[in-house]
>>> print(open('query_29.txt').read())   # compact mmCIF, C-alpha atoms
# COMPACT_ATOMS: atom_id res chain seq x y z
CA MET A 1 -62.15 -32.56 -1.42
CA THR A 2 -59.09 -30.79 -0.09
CA SER A 3 -58.72 -29.50 3.41
CA ASN A 4 -56.82 -26.40 4.43
CA VAL A 5 -53.75 -27.49 6.31
CA TYR A 6 -51.54 -24.78 7.78
CA ARG A 7 -47.94 -25.63 8.40
CA PHE A 8 -45.70 -23.35 10.39
CA ARG A 9 -41.95 -23.16 10.16
CA PRO A 10 -40.16 -24.70 13.14
CA LEU A 11 -39.04 -22.30 15.83
CA ASN A 12 -35.54 -20.99 15.13
CA LEU A 13 -34.22 -21.34 18.65
CA GLY A 14 -30.74 -20.14 17.77
CA ARG A 15 -32.06 -16.88 16.34
CA TRP A 16 -34.22 -16.23 19.41
CA LEU A 17 -31.23 -16.88 21.67
CA LEU A 18 -29.05 -14.54 19.62
CA TRP A 19 -31.54 -11.68 19.73
CA SER A 20 -32.14 -12.25 23.44
CA ALA A 21 -28.40 -12.10 24.04
CA PHE A 22 -28.20 -8.86 22.06
CA ALA A 23 -30.98 -7.31 24.15
CA LEU A 24 -29.34 -8.55 27.34
CA VAL A 25 -26.00 -6.99 26.38
CA LEU A 26 -27.67 -3.66 25.70
CA PHE A 27 -29.46 -3.83 29.07
CA VAL A 28 -26.54 -4.84 31.31
CA ALA A 29 -23.67 -3.00 29.58
CA PRO A 30 -23.89 0.17 31.74
CA MET A 31 -24.02 -1.98 34.87
CA PHE A 32 -20.48 -3.21 34.20
CA LEU A 33 -19.10 -0.14 32.42
CA LYS A 34 -19.96 2.53 34.97
CA SER A 35 -17.48 5.31 34.21
CA SER A 36 -18.69 8.45 32.44
CA LEU A 37 -16.35 7.75 29.51
CA SER A 38 -17.73 4.22 29.12
CA LEU A 39 -21.32 5.47 29.22
CA THR A 40 -20.51 8.14 26.64
CA MET A 41 -18.99 5.51 24.35
CA LEU A 42 -21.94 3.16 24.81
CA THR A 43 -24.44 5.85 23.81
CA GLN A 44 -22.41 6.69 20.73
CA MET A 45 -22.12 3.00 19.83
CA GLY A 46 -25.88 2.61 19.90
CA THR A 47 -26.31 5.52 17.50
CA ALA A 48 -23.45 4.32 15.29
CA ILE A 49 -24.93 0.82 15.03
CA ILE A 50 -28.16 2.21 13.59
CA VAL A 51 -26.49 4.47 11.04
CA CYS A 52 -23.95 1.85 9.92
CA LEU A 53 -26.70 -0.75 9.47
CA SER A 54 -28.73 1.76 7.47
CA TYR A 55 -25.71 2.48 5.29
CA ASN A 56 -25.14 -1.22 4.75
CA MET A 57 -28.69 -1.46 3.43
CA LEU A 58 -27.27 0.46 0.47
CA LEU A 59 -23.73 -0.88 0.26
CA GLY A 60 -23.90 -4.50 1.34
CA GLN A 61 -27.47 -5.42 0.46
CA GLY A 62 -28.05 -3.21 -2.55
CA GLY A 63 -24.55 -2.77 -3.97
CA MET A 64 -24.96 1.02 -3.89
CA LEU A 65 -21.70 2.74 -2.97
CA SER A 66 -22.80 6.04 -1.44
CA PHE A 67 -20.44 8.87 -0.53
CA GLY A 68 -23.16 11.06 0.98
CA HIS A 69 -25.01 9.02 3.58
CA ALA A 70 -24.25 11.62 6.25
CA VAL A 71 -26.68 13.93 4.47
CA TYR A 72 -29.64 11.90 5.72
CA SER A 73 -28.43 11.30 9.25
CA GLY A 74 -27.25 14.91 9.48
CA LEU A 75 -30.45 16.51 8.20
CA GLY A 76 -32.39 14.14 10.46
CA ALA A 77 -30.34 15.51 13.34
CA PHE A 78 -31.16 19.09 12.35
CA ALA A 79 -34.86 18.25 12.07
CA ALA A 80 -34.73 16.71 15.55
CA ILE A 81 -32.86 19.62 17.15
CA HIS A 82 -35.26 22.21 15.68
CA THR A 83 -38.22 20.14 16.87
CA LEU A 84 -36.67 19.90 20.33
CA ASN A 85 -36.36 23.70 20.43
CA LYS A 86 -40.01 24.03 19.39
CA VAL A 87 -41.01 21.68 22.20
CA GLY A 88 -38.88 23.64 24.66
CA ALA A 89 -40.51 26.91 23.57
CA GLY A 90 -43.97 25.40 24.14
CA ASP A 91 -44.99 25.66 20.47
CA TRP A 92 -45.28 21.92 19.94
CA SER A 93 -46.21 19.09 22.27
CA ILE A 94 -44.13 16.04 21.37
CA PRO A 95 -42.60 13.64 23.93
CA VAL A 96 -38.82 13.77 23.95
CA SER A 97 -38.68 10.02 23.46
CA LEU A 98 -40.35 10.44 20.05
CA ILE A 99 -38.01 13.17 18.82
CA PRO A 100 -35.77 10.60 17.03
CA LEU A 101 -38.78 9.57 14.93
CA VAL A 102 -39.01 13.18 13.76
CA GLY A 103 -35.39 12.85 12.67
CA GLY A 104 -36.32 9.64 10.89
CA LEU A 105 -39.13 11.37 9.03
CA GLY A 106 -36.73 14.16 8.11
CA GLY A 107 -34.25 11.64 6.72
CA LEU A 108 -37.07 9.87 4.86
CA VAL A 109 -38.31 13.09 3.21
CA VAL A 110 -34.82 14.13 2.12
CA ALA A 111 -34.07 10.61 0.85
CA ALA A 112 -37.35 10.63 -1.10
CA LEU A 113 -36.42 13.92 -2.76
CA LEU A 114 -32.76 13.24 -3.49
CA GLY A 115 -33.16 9.51 -4.07
CA ALA A 116 -35.50 10.14 -7.00
CA VAL A 117 -32.43 11.53 -8.80
CA THR A 118 -29.56 9.49 -7.39
CA THR A 119 -31.14 6.05 -7.82
CA LYS A 120 -31.79 6.56 -11.54
CA LYS A 121 -28.22 5.36 -12.05
CA SER A 122 -26.18 2.61 -10.45
CA GLY A 123 -22.54 1.67 -10.05
CA ASN A 124 -19.90 4.36 -10.36
CA THR A 125 -22.39 6.91 -11.64
CA PHE A 126 -24.52 6.50 -8.51
CA ALA A 127 -21.41 6.91 -6.33
CA MET A 128 -20.41 10.15 -8.09
CA ILE A 129 -23.93 11.55 -7.84
CA THR A 130 -24.06 10.89 -4.09
CA LEU A 131 -20.66 12.56 -3.73
CA GLY A 132 -21.97 15.62 -5.54
CA VAL A 133 -25.15 15.68 -3.46
CA GLY A 134 -23.09 15.47 -0.28
CA GLU A 135 -20.94 18.41 -1.31
CA LEU A 136 -24.05 20.37 -2.32
CA VAL A 137 -25.65 19.93 1.10
CA TRP A 138 -22.37 20.72 2.84
CA ASN A 139 -22.11 24.04 0.97
CA MET A 140 -25.76 24.78 1.71
CA SER A 141 -24.93 24.50 5.41
CA LEU A 142 -22.64 27.50 4.98
CA MET A 143 -25.17 29.46 2.91
CA LEU A 144 -28.22 28.89 5.17
CA PRO A 145 -27.17 29.80 8.72
CA GLU A 146 -30.84 30.24 9.70
CA PHE A 147 -31.35 26.48 9.47
CA PHE A 148 -27.85 25.11 10.02
CA GLY A 149 -26.75 27.64 12.64
CA GLY A 150 -23.55 28.70 10.91
CA GLU A 151 -20.23 27.68 12.44
CA GLY A 152 -21.71 27.43 15.93
CA GLY A 153 -24.51 25.07 14.95
CA ILE A 154 -27.85 24.70 16.72
CA ASN A 155 -27.99 23.83 20.40
CA SER A 156 -30.90 22.81 22.57
CA ASN A 157 -31.91 21.31 25.91
CA ARG A 158 -33.36 17.80 26.03
CA VAL A 159 -34.85 18.27 29.52
CA VAL A 160 -38.18 19.73 28.41
CA GLY A 161 -41.81 18.92 29.09
CA GLN A 162 -43.24 17.01 32.00
CA PRO A 163 -41.31 13.98 33.32
CA VAL A 164 -42.88 10.60 32.55
CA MET A 165 -42.44 8.10 35.40
CA GLY A 166 -39.62 10.29 36.69
CA ILE A 167 -37.74 10.14 33.36
CA THR A 168 -36.43 13.55 32.34
CA PHE A 169 -33.56 12.42 30.07
CA GLY A 170 -31.27 14.68 32.03
CA PRO A 171 -29.00 11.90 33.39
CA GLN A 172 -26.86 10.23 30.74
CA ILE A 173 -27.99 6.77 31.82
CA GLN A 174 -31.58 7.59 30.81
CA VAL A 175 -30.39 8.77 27.40
CA TYR A 176 -28.41 5.54 27.03
CA TYR A 177 -31.42 3.34 27.64
CA LEU A 178 -33.50 5.39 25.20
CA ILE A 179 -30.78 4.88 22.58
CA ALA A 180 -30.55 1.18 23.49
CA VAL A 181 -34.29 0.71 22.92
CA TYR A 182 -34.11 2.46 19.56
CA CYS A 183 -30.97 0.50 18.66
CA PHE A 184 -32.61 -2.85 19.37
CA ILE A 185 -35.89 -2.04 17.61
CA CYS A 186 -34.16 -0.55 14.54
CA THR A 187 -31.76 -3.49 14.32
CA VAL A 188 -34.66 -5.96 14.44
CA LEU A 189 -36.58 -4.03 11.80
CA MET A 190 -33.60 -3.77 9.47
CA PHE A 191 -32.92 -7.49 9.84
CA ALA A 192 -36.60 -8.20 9.17
CA PHE A 193 -36.29 -6.11 6.00
CA THR A 194 -33.57 -8.46 4.72
CA GLN A 195 -36.04 -11.37 5.00
CA THR A 196 -38.83 -9.68 3.04
CA PRO A 197 -39.41 -10.13 -0.72
CA LEU A 198 -38.25 -6.53 -1.20
CA GLY A 199 -35.03 -7.24 0.69
CA ARG A 200 -34.40 -10.37 -1.39
CA MET A 201 -35.13 -8.43 -4.58
CA LEU A 202 -32.65 -5.77 -3.46
CA ASN A 203 -30.00 -8.51 -3.22
CA ALA A 204 -30.95 -9.65 -6.71
CA VAL A 205 -30.60 -6.09 -8.03
CA ARG A 206 -27.14 -6.02 -6.48
CA ASP A 207 -26.06 -9.34 -8.00
CA ASN A 208 -27.71 -9.33 -11.43
CA PRO A 209 -29.78 -6.25 -12.34
CA GLU A 210 -30.16 -7.36 -15.99
CA ARG A 211 -31.92 -10.57 -14.99
CA VAL A 212 -34.15 -8.66 -12.56
CA GLU A 213 -35.20 -6.35 -15.39
CA PHE A 214 -35.77 -9.36 -17.65
CA ILE A 215 -38.28 -10.96 -15.27
CA GLY A 216 -40.25 -7.73 -15.07
CA TYR A 217 -39.04 -5.79 -12.02
CA ASP A 218 -38.05 -2.13 -12.07
CA THR A 219 -34.54 -2.01 -10.58
CA GLN A 220 -34.68 1.75 -10.13
CA ARG A 221 -37.84 1.46 -8.05
CA VAL A 222 -36.29 -1.23 -5.86
CA ARG A 223 -33.21 0.92 -5.27
CA TYR A 224 -35.38 3.97 -4.61
CA ILE A 225 -37.52 2.25 -1.96
CA ALA A 226 -34.44 0.83 -0.24
CA PHE A 227 -32.81 4.27 -0.41
CA MET A 228 -35.78 5.85 1.39
CA ILE A 229 -35.83 3.15 4.07
CA ALA A 230 -32.10 3.62 4.65
CA GLY A 231 -32.65 7.39 4.89
CA PHE A 232 -35.38 6.87 7.49
CA PHE A 233 -33.17 4.80 9.79
CA ALA A 234 -30.23 7.16 9.24
CA GLY A 235 -32.50 10.03 10.29
CA ILE A 236 -33.40 8.17 13.49
CA ALA A 237 -29.70 7.86 14.25
CA GLY A 238 -29.35 11.59 13.63
CA GLY A 239 -32.22 12.32 16.02
CA LEU A 240 -30.57 10.24 18.72
CA TYR A 241 -27.31 12.11 18.07
CA ALA A 242 -29.13 15.42 18.59
CA LEU A 243 -30.62 14.24 21.91
CA ASN A 244 -27.32 12.86 23.12
CA PHE A 245 -25.11 15.89 22.39
CA GLU A 246 -27.80 18.63 22.51
CA ILE A 247 -25.95 20.41 19.70
CA VAL A 248 -25.81 19.81 15.95
CA THR A 249 -23.25 21.50 13.68
CA ALA A 250 -22.67 21.43 9.94
CA GLU A 251 -20.02 18.77 10.49
CA VAL A 252 -22.74 16.08 10.65
CA VAL A 253 -23.47 16.46 6.91
CA GLY A 254 -19.81 16.65 5.86
CA ALA A 255 -17.87 14.28 3.62
CA GLN A 256 -15.70 13.17 6.54
CA ARG A 257 -18.75 11.75 8.33
CA SER A 258 -19.93 9.97 5.18
CA GLY A 259 -16.44 8.57 4.67
CA ALA A 260 -16.42 7.25 8.23
CA TYR A 261 -19.67 5.37 7.63
CA LEU A 262 -18.22 3.80 4.49
CA LEU A 263 -14.87 2.97 6.07
CA PHE A 264 -16.14 1.30 9.22
CA THR A 265 -19.03 -0.50 7.54
CA PHE A 266 -16.48 -2.05 5.21
CA LEU A 267 -14.08 -2.87 8.06
CA GLY A 268 -16.86 -4.54 10.00
CA GLY A 269 -17.97 -6.57 7.00
CA SER A 270 -20.59 -5.30 4.57
CA LEU A 271 -21.43 -8.82 3.32
CA PHE A 272 -22.84 -9.87 6.70
CA PHE A 273 -25.74 -8.29 8.57
CA PHE A 274 -23.81 -8.12 11.86
CA GLY A 275 -20.68 -6.72 10.18
CA PRO A 276 -21.72 -3.05 10.47
CA ILE A 277 -22.34 -3.61 14.19
CA ILE A 278 -18.67 -4.56 14.57
CA GLY A 279 -17.73 -1.57 12.42
CA ALA A 280 -19.81 0.80 14.54
CA VAL A 281 -18.05 -0.34 17.71
CA LEU A 282 -14.67 0.13 16.01
CA MET A 283 -15.70 3.59 14.81
CA VAL A 284 -16.48 4.80 18.31
CA PHE A 285 -13.26 3.32 19.70
CA ALA A 286 -11.23 5.00 16.95
CA MET A 287 -12.89 8.42 17.18
CA VAL A 288 -13.12 8.60 20.97
CA MET A 289 -10.15 6.66 22.34
CA LEU A 290 -7.58 6.28 19.56
CA SER A 291 -7.87 9.94 18.57
CA GLU A 292 -7.05 10.89 22.16
CA LEU A 293 -4.05 8.57 22.37
CA THR A 294 -2.22 9.72 19.26
CA LYS A 295 -2.32 12.43 16.61
CA ALA A 296 -1.43 9.81 13.99
CA TRP A 297 -4.67 7.87 14.46
CA LEU A 298 -5.86 8.57 10.92
CA LEU A 299 -2.61 7.12 9.57
CA TYR A 300 -3.10 3.91 11.57
CA LEU A 301 -6.71 3.75 10.48
CA GLY A 302 -5.76 4.17 6.84
CA LEU A 303 -3.18 1.40 7.08
CA LEU A 304 -5.71 -0.90 8.73
CA PHE A 305 -8.16 -0.22 5.92
CA LEU A 306 -5.45 -0.89 3.34
CA PHE A 307 -4.49 -4.25 4.85
CA MET A 308 -8.12 -5.28 5.23
CA VAL A 309 -8.81 -4.51 1.57
CA MET A 310 -5.76 -6.52 0.52
CA TYR A 311 -6.07 -9.55 2.80
CA ALA A 312 -9.61 -9.62 4.26
CA PRO A 313 -12.02 -7.78 1.92
CA GLY A 314 -14.94 -9.34 3.77
CA GLY A 315 -14.08 -7.40 6.92
CA PHE A 316 -13.79 -8.65 10.47
CA ALA A 317 -17.12 -10.45 10.15
CA SER A 318 -15.69 -12.67 7.40
CA LEU A 319 -12.70 -13.56 9.58
CA LEU A 320 -15.05 -14.49 12.39
CA MET A 321 -17.25 -16.62 10.14
CA MET A 322 -14.28 -18.46 8.61
CA ASN A 323 -13.05 -19.43 12.04
CA MET A 324 -16.55 -20.47 13.09
CA ARG A 325 -16.54 -22.82 10.09
CA LEU A 326 -13.31 -24.36 11.31
CA ALA A 327 -14.77 -24.73 14.80
CA ALA A 328 -17.84 -26.46 13.37
CA TYR A 329 -15.58 -29.14 11.88
CA GLY A 330 -13.35 -29.39 14.94
CA MET A 331 -10.33 -27.93 13.11
CA LEU A 332 -9.88 -24.66 15.01
CA LYS A 333 -7.71 -26.22 17.73
CA ARG A 334 -5.03 -26.94 15.13
CA LEU A 335 -4.54 -23.20 14.65
CA TRP A 336 -4.31 -22.00 18.26
CA GLY A 337 -0.52 -22.25 18.38
CA VAL A 338 -0.06 -20.45 15.07
CA TYR A 339 -2.55 -17.75 16.09
CA ALA A 340 -0.59 -17.17 19.30
CA ALA A 341 2.67 -16.96 17.35
CA MET A 342 1.11 -14.51 14.89
CA ALA A 343 -0.14 -12.34 17.75
CA VAL A 344 3.32 -12.19 19.30
CA THR A 345 5.15 -11.47 16.05
CA ALA A 346 2.51 -8.92 14.99
CA THR A 347 3.12 -7.11 18.28
CA LEU A 348 6.85 -7.12 17.48
CA VAL A 349 5.99 -5.36 14.21
CA ILE A 350 3.36 -2.95 15.45
CA LEU A 351 5.23 -1.57 18.48
CA PRO A 352 8.47 -0.49 16.72
CA PHE A 353 6.50 0.76 13.71
CA ALA A 354 4.28 2.86 15.98
CA ALA A 355 7.40 4.12 17.75
CA VAL A 356 8.85 5.30 14.43
CA VAL A 357 5.61 7.04 13.49
CA GLU A 358 5.27 8.71 16.89
CA MET A 359 8.87 9.91 16.82
CA VAL A 360 8.35 11.45 13.38
CA TYR A 361 5.15 13.15 14.58
CA HIS A 362 6.97 14.38 17.70
CA ILE A 363 9.75 15.93 15.62
CA LYS A 364 7.31 17.62 13.24
CA LEU A 365 4.60 18.74 15.67
CA ASN A 366 6.05 18.81 19.19
CA GLU A 367 9.58 20.05 18.67
CA ALA A 368 9.09 22.76 21.30
CA LEU A 369 8.58 20.07 23.97
CA GLY A 370 12.15 18.81 23.58
CA PRO A 371 13.66 15.74 21.94
CA VAL A 372 12.49 13.20 24.56
CA MET A 373 9.04 11.66 24.20
CA ARG A 374 7.12 9.04 26.17
CA PHE A 375 5.99 5.92 24.35
CA ALA A 376 4.72 2.62 25.79
CA GLY A 377 6.18 3.42 29.19
CA MET A 378 9.62 4.29 27.79
CA ASP A 379 11.47 7.54 27.15
CA LEU A 380 12.64 7.80 23.55
CA ASP A 381 15.21 10.40 22.42
CA THR A 382 14.20 11.45 18.92
CA ARG A 383 17.66 12.94 18.27
CA SER A 384 19.58 9.82 19.23
CA SER A 385 20.83 7.65 16.39
CA THR A 386 20.93 4.72 18.81
CA THR A 387 17.21 5.03 19.47
CA TRP A 388 16.43 5.11 15.77
CA GLY A 389 18.80 2.26 15.01
CA LEU A 390 17.44 -0.07 17.69
CA THR A 391 13.84 0.75 16.76
CA LEU A 392 14.41 0.03 13.08
CA LEU A 393 16.32 -3.15 13.93
CA MET A 394 13.43 -4.36 16.07
CA LEU A 395 11.05 -3.55 13.25
CA ALA A 396 13.12 -5.53 10.73
CA VAL A 397 13.36 -8.53 13.08
CA GLY A 398 9.64 -8.39 13.79
CA VAL A 399 8.77 -8.28 10.09
CA GLY A 400 11.04 -11.25 9.40
CA LEU A 401 9.57 -13.35 12.21
CA PHE A 402 6.03 -12.43 11.25
CA GLU A 403 6.66 -13.46 7.65
CA LEU A 404 7.94 -16.87 8.76
CA VAL A 405 4.88 -17.43 10.94
CA ARG A 406 2.57 -16.16 8.19
CA ARG A 407 3.92 -18.68 5.71
CA ARG A 408 3.48 -21.50 8.20
CA PHE A 409 -0.06 -20.30 8.88
CA SER A 410 -0.83 -20.19 5.15
CA ARG A 411 0.33 -23.78 4.65
CA LEU A 412 -1.61 -25.01 7.66
CA TRP A 413 -4.74 -23.08 6.64
CA ASN A 414 -4.69 -24.59 3.15
CA GLN A 415 -4.22 -28.06 4.61
CA ILE A 416 -7.18 -27.61 6.94
CA GLN A 417 -9.38 -26.41 4.06
CA GLU A 418 -8.41 -29.52 2.08
CA ASP A 419 -9.27 -31.71 5.07
CA ILE A 420 -12.68 -30.05 5.38
CA GLU A 421 -13.39 -30.54 1.68
CA ALA A 422 -12.36 -34.18 1.94
CA GLN A 423 -14.65 -34.61 4.94
CA LEU A 424 -17.52 -33.05 2.99
CA ALA A 425 -16.84 -35.36 0.06
CA ARG A 426 -17.06 -38.41 2.33
CA THR A 427 -20.33 -37.30 3.97
CA PRO A 428 -22.71 -38.45 1.17
CA ALA A 429 -21.04 -41.88 1.11
CA LEU A 430 -21.55 -42.26 4.85
>>> encode(input="query_29.txt", output="structure tokens")
Amino acid sequence: MTSNVYRFRPLNLGRWLLWSAFALVLFVAPMFLKSSLSLTMLTQMGTAIIVCLSYNMLLGQGGMLSFGHAVYSGLGAFAAIHTLNKVGAGDWSIPVSLIPLVGGLGGLVVAALLGAVTTKKSGNTFAMITLGVGELVWNMSLMLPEFFGGEGGINSNRVVGQPVMGITFGPQIQVYYLIAVYCFICTVLMFAFTQTPLGRMLNAVRDNPERVEFIGYDTQRVRYIAFMIAGFFAGIAGGLYALNFEIVTAEVVGAQRSGAYLLFTFLGGSLFFFGPIIGAVLMVFAMVMLSELTKAWLLYLGLLFLFMVMYAPGGFASLLMMNMRLAAYGMLKRLWGVYAAMAVTATLVILPFAAVVEMVYHIKLNEALGPVMRFAGMDLDTRSSTTWGLTLLMLAVGVGLFELVRRRFSRLWNQIQEDIEAQLARTPAL
């Protein structure tokens, strides 16, 4: 006679601590970053985290390279802004805090309709179909001004209905905490999805679709379900965008927005769950701060993407994880000196290179302001051959020094990896 014995998995204390730390950061961030600019960036980061994680459900977990993910976040935003206007007019009675869910449902419906077509193919064909769908929706935004609002977009007012516990969502801090709650819940749910049988099967479809078909699963159905789930979370991000800015324009469904999701999800690290979170933070910094500092910010961003593809295709998350592996074996301290040298020599490359780029941009775009420009606290004369000569000389010296340090780092890195492998080989014997 057998007895039913239930065994539970041991408590994963590290995971609970990590999620608690994430919640704590979301809660205390506005207490330390109190300026209006910081609060604006924090609210945008929360929205960006949700949409980048939803995009990575396609790219990183499902191997589906989409060029039209902004369609689902954008149409979710339009669904939310129209619903908000209905609530403001008294036609509907929906709490403002639930408006993002309306955006999520909008994204889900659109993903269900379009995904039935796009997920029939995979690989490059899927990518081209999503690109075509994105362009189709973008052109529809110009043809249907009744829904998309034309060039001016659709605006609204989020302070509608009766306040609940004094919360009107008028102050930006209240909007931030609403976005923070949605950000935390959506992040937890998307992580939980990766642990489900469907999430594991999605990884299998990414890695070996032929074997998945052989054991009896429909790969198109798996991709389709994941596509709809990603559209739902993207729509929630769009709804939060609509509440935050109180205006939605056709730009939110454009190819530039879809390209930004792809670019920063890759930079953050699409192979790791937390990679898109890093990418979302970088996206807000680039679009809010870097774009204000220089007109050449897209050039710098493109170069960063190029170097990451060449030397760190796993994104910033992979760099972090590789160094955590070294720390776990007590090897990271051997690299501190080389890392410091690389930081110094990289600065010696970046500063003169940026000076050259800014001088070229000044000559081409700001010629009416005179030949002298301000850069890094210095006045640079763009018509002086001495200025150009010294800048290029500094750039050449910096590149040479960086190359010397890089070679030393490469040798040391390889030696450390060999030491770790030797340590692993000795472990069974011990």
>>> closest_atom_pairs(input="query_29.txt", of="stretch 172-272 of chain A", to="stretch 34-44 of chain A", cutoff="10 Å", atoms="all atoms listed in the file", output="CSV")
residue,atom,partner,partner_atom,distance
A:Gln172,CA,A:Leu39,CA,7.5
A:Ile173,CA,A:Leu39,CA,7.3
A:Val175,CA,A:Thr43,CA,7.5
A:Tyr176,CA,A:Thr43,CA,5.1
A:Tyr177,CA,A:Thr43,CA,8.3
A:Leu178,CA,A:Thr43,CA,9.2
A:Ile179,CA,A:Thr43,CA,6.5
A:Ala180,CA,A:Thr43,CA,7.7
A:Cys183,CA,A:Thr43,CA,9.9
A:Ala237,CA,A:Gln44,CA,9.8
A:Leu240,CA,A:Thr43,CA,9.1
A:Tyr241,CA,A:Gln44,CA,7.8
A:Asn244,CA,A:Thr43,CA,7.6
A:Phe245,CA,A:Gln44,CA,9.7
>>> residues_around(input="query_29.txt", residues="A:Ala376", least_positions_apart="2", cutoff="12 Å", atoms="all atoms listed in the file", output="CSV table (one decimal) with C-alpha atoms, in the frame of the given file")
chain,number,residue,atom,x,y,z
A,293,LEU,CA,-4.0,8.6,22.4
A,294,THR,CA,-2.2,9.7,19.3
A,350,ILE,CA,3.4,-3.0,15.4
A,351,LEU,CA,5.2,-1.6,18.5
A,352,PRO,CA,8.5,-0.5,16.7
A,354,ALA,CA,4.3,2.9,16.0
A,355,ALA,CA,7.4,4.1,17.8
A,358,GLU,CA,5.3,8.7,16.9
A,373,MET,CA,9.0,11.7,24.2
A,374,ARG,CA,7.1,9.0,26.2
A,378,MET,CA,9.6,4.3,27.8
A,379,ASP,CA,11.5,7.5,27.2
A,380,LEU,CA,12.6,7.8,23.6
>>> closest_residue(input="query_29.txt", among="A:Leu304, A:Gly150, A:Phe375, A:Gly315", to="A:Gly269", atoms="only C-alpha atoms")
A:Gly315
>>> atom_distance(input="query_29.txt", atom1="atom CA of A:Ala280", atom2="atom CA of A:Val102")
22.9 Å
>>> atom_distance(input="query_29.txt", atom1="atom CA of A:Gly166", atom2="atom CA of A:Val96")
13.2 Å
>>> closest_residue(input="query_29.txt", among="A:Thr83, A:Thr219, A:Thr187, A:Thr387", to="A:Leu202", atoms="all atoms listed in the file")
A:Thr219
>>> atom_distance(input="query_29.txt", atom1="atom CA of A:Thr194", atom2="atom CA of A:Ala255")
27.7 Å
>>> residues_around(input="query_29.txt", residues="stretch 344-349 of chain A", least_positions_apart="2", cutoff="12 Å", atoms="all atoms listed in the file", output="PDB file with C-alpha atoms, keeping the file's coordinate frame")
ATOM      1  CA  GLY A 337      -0.520 -22.250  18.380  1.00  0.00           C
ATOM      2  CA  VAL A 338      -0.060 -20.450  15.070  1.00  0.00           C
ATOM      3  CA  TYR A 339      -2.550 -17.750  16.090  1.00  0.00           C
ATOM      4  CA  ALA A 340      -0.590 -17.170  19.300  1.00  0.00           C
ATOM      5  CA  ALA A 341       2.670 -16.960  17.350  1.00  0.00           C
ATOM      6  CA  MET A 342       1.110 -14.510  14.890  1.00  0.00           C
ATOM      7  CA  LEU A 351       5.230  -1.570  18.480  1.00  0.00           C
ATOM      8  CA  PRO A 352       8.470  -0.490  16.720  1.00  0.00           C
ATOM      9  CA  PHE A 353       6.500   0.760  13.710  1.00  0.00           C
ATOM     10  CA  ALA A 354       4.280   2.860  15.980  1.00  0.00           C
ATOM     11  CA  ALA A 355       7.400   4.120  17.750  1.00  0.00           C
ATOM     12  CA  VAL A 356       8.850   5.300  14.430  1.00  0.00           C
ATOM     13  CA  THR A 391      13.840   0.750  16.760  1.00  0.00           C
ATOM     14  CA  LEU A 392      14.410   0.030  13.080  1.00  0.00           C
ATOM     15  CA  LEU A 393      16.320  -3.150  13.930  1.00  0.00           C
ATOM     16  CA  MET A 394      13.430  -4.360  16.070  1.00  0.00           C
ATOM     17  CA  LEU A 395      11.050  -3.550  13.250  1.00  0.00           C
ATOM     18  CA  ALA A 396      13.120  -5.530  10.730  1.00  0.00           C
ATOM     19  CA  VAL A 397      13.360  -8.530  13.080  1.00  0.00           C
ATOM     20  CA  GLY A 398       9.640  -8.390  13.790  1.00  0.00           C
ATOM     21  CA  VAL A 399       8.770  -8.280  10.090  1.00  0.00           C
ATOM     22  CA  GLY A 400      11.040 -11.250   9.400  1.00  0.00           C
ATOM     23  CA  LEU A 401       9.570 -13.350  12.210  1.00  0.00           C
ATOM     24  CA  PHE A 402       6.030 -12.430  11.250  1.00  0.00           C
ATOM     25  CA  GLU A 403       6.660 -13.460   7.650  1.00  0.00           C
ATOM     26  CA  LEU A 404       7.940 -16.870   8.760  1.00  0.00           C
ATOM     27  CA  VAL A 405       4.880 -17.430  10.940  1.00  0.00           C
ATOM     28  CA  ARG A 406       2.570 -16.160   8.190  1.00  0.00           C
TER      29      ARG A 406
END
>>> residues_around(input="query_29.txt", residues="A:Val181", least_positions_apart="5", cutoff="12 Å", atoms="all atoms listed in the file", output="ChimeraX atom specification")
/A:22-27,43,46-47,50,97-98,100,174-176,186-188,240
>>> closest_residue(input="query_29.txt", among="A:Gly254, A:Pro95, A:Gly115, A:Gly149", to="A:Gly134", atoms="all atoms listed in the file")
A:Gly254
>>> closest_residue(input="query_29.txt", among="A:Ala116, A:Ile99, A:Leu301, A:Leu319", to="A:Gly239", atoms="only C-alpha atoms")
A:Ile99
>>> residues_around(input="query_29.txt", residues="A:Ser384", least_positions_apart="4", cutoff="10 Å", atoms="all atoms listed in the file", output="list in words")
Pro371, Val372, Leu380, Trp388 and Gly389 of chain A
>>> residues_around(input="query_29.txt", residues="A:Leu114", least_positions_apart="4", cutoff="12 Å", atoms="all atoms listed in the file", output="compact mmCIF listing (two decimals) with C-alpha atoms, in the coordinates of the input")
# COMPACT_ATOMS: atom_id res chain seq x y z
CA GLY A 68 -23.16 11.06 0.98
CA HIS A 69 -25.01 9.02 3.58
CA VAL A 71 -26.68 13.93 4.47
CA TYR A 72 -29.64 11.90 5.72
CA GLY A 107 -34.25 11.64 6.72
CA LEU A 108 -37.07 9.87 4.86
CA VAL A 109 -38.31 13.09 3.21
CA VAL A 110 -34.82 14.13 2.12
CA THR A 118 -29.56 9.49 -7.39
CA THR A 119 -31.14 6.05 -7.82
CA LYS A 120 -31.79 6.56 -11.54
CA PHE A 126 -24.52 6.50 -8.51
CA ILE A 129 -23.93 11.55 -7.84
CA THR A 130 -24.06 10.89 -4.09
CA GLY A 132 -21.97 15.62 -5.54
CA VAL A 133 -25.15 15.68 -3.46
CA GLY A 134 -23.09 15.47 -0.28
CA LEU A 136 -24.05 20.37 -2.32
CA VAL A 137 -25.65 19.93 1.10
CA TYR A 224 -35.38 3.97 -4.61
CA PHE A 227 -32.81 4.27 -0.41
CA MET A 228 -35.78 5.85 1.39
CA GLY A 231 -32.65 7.39 4.89
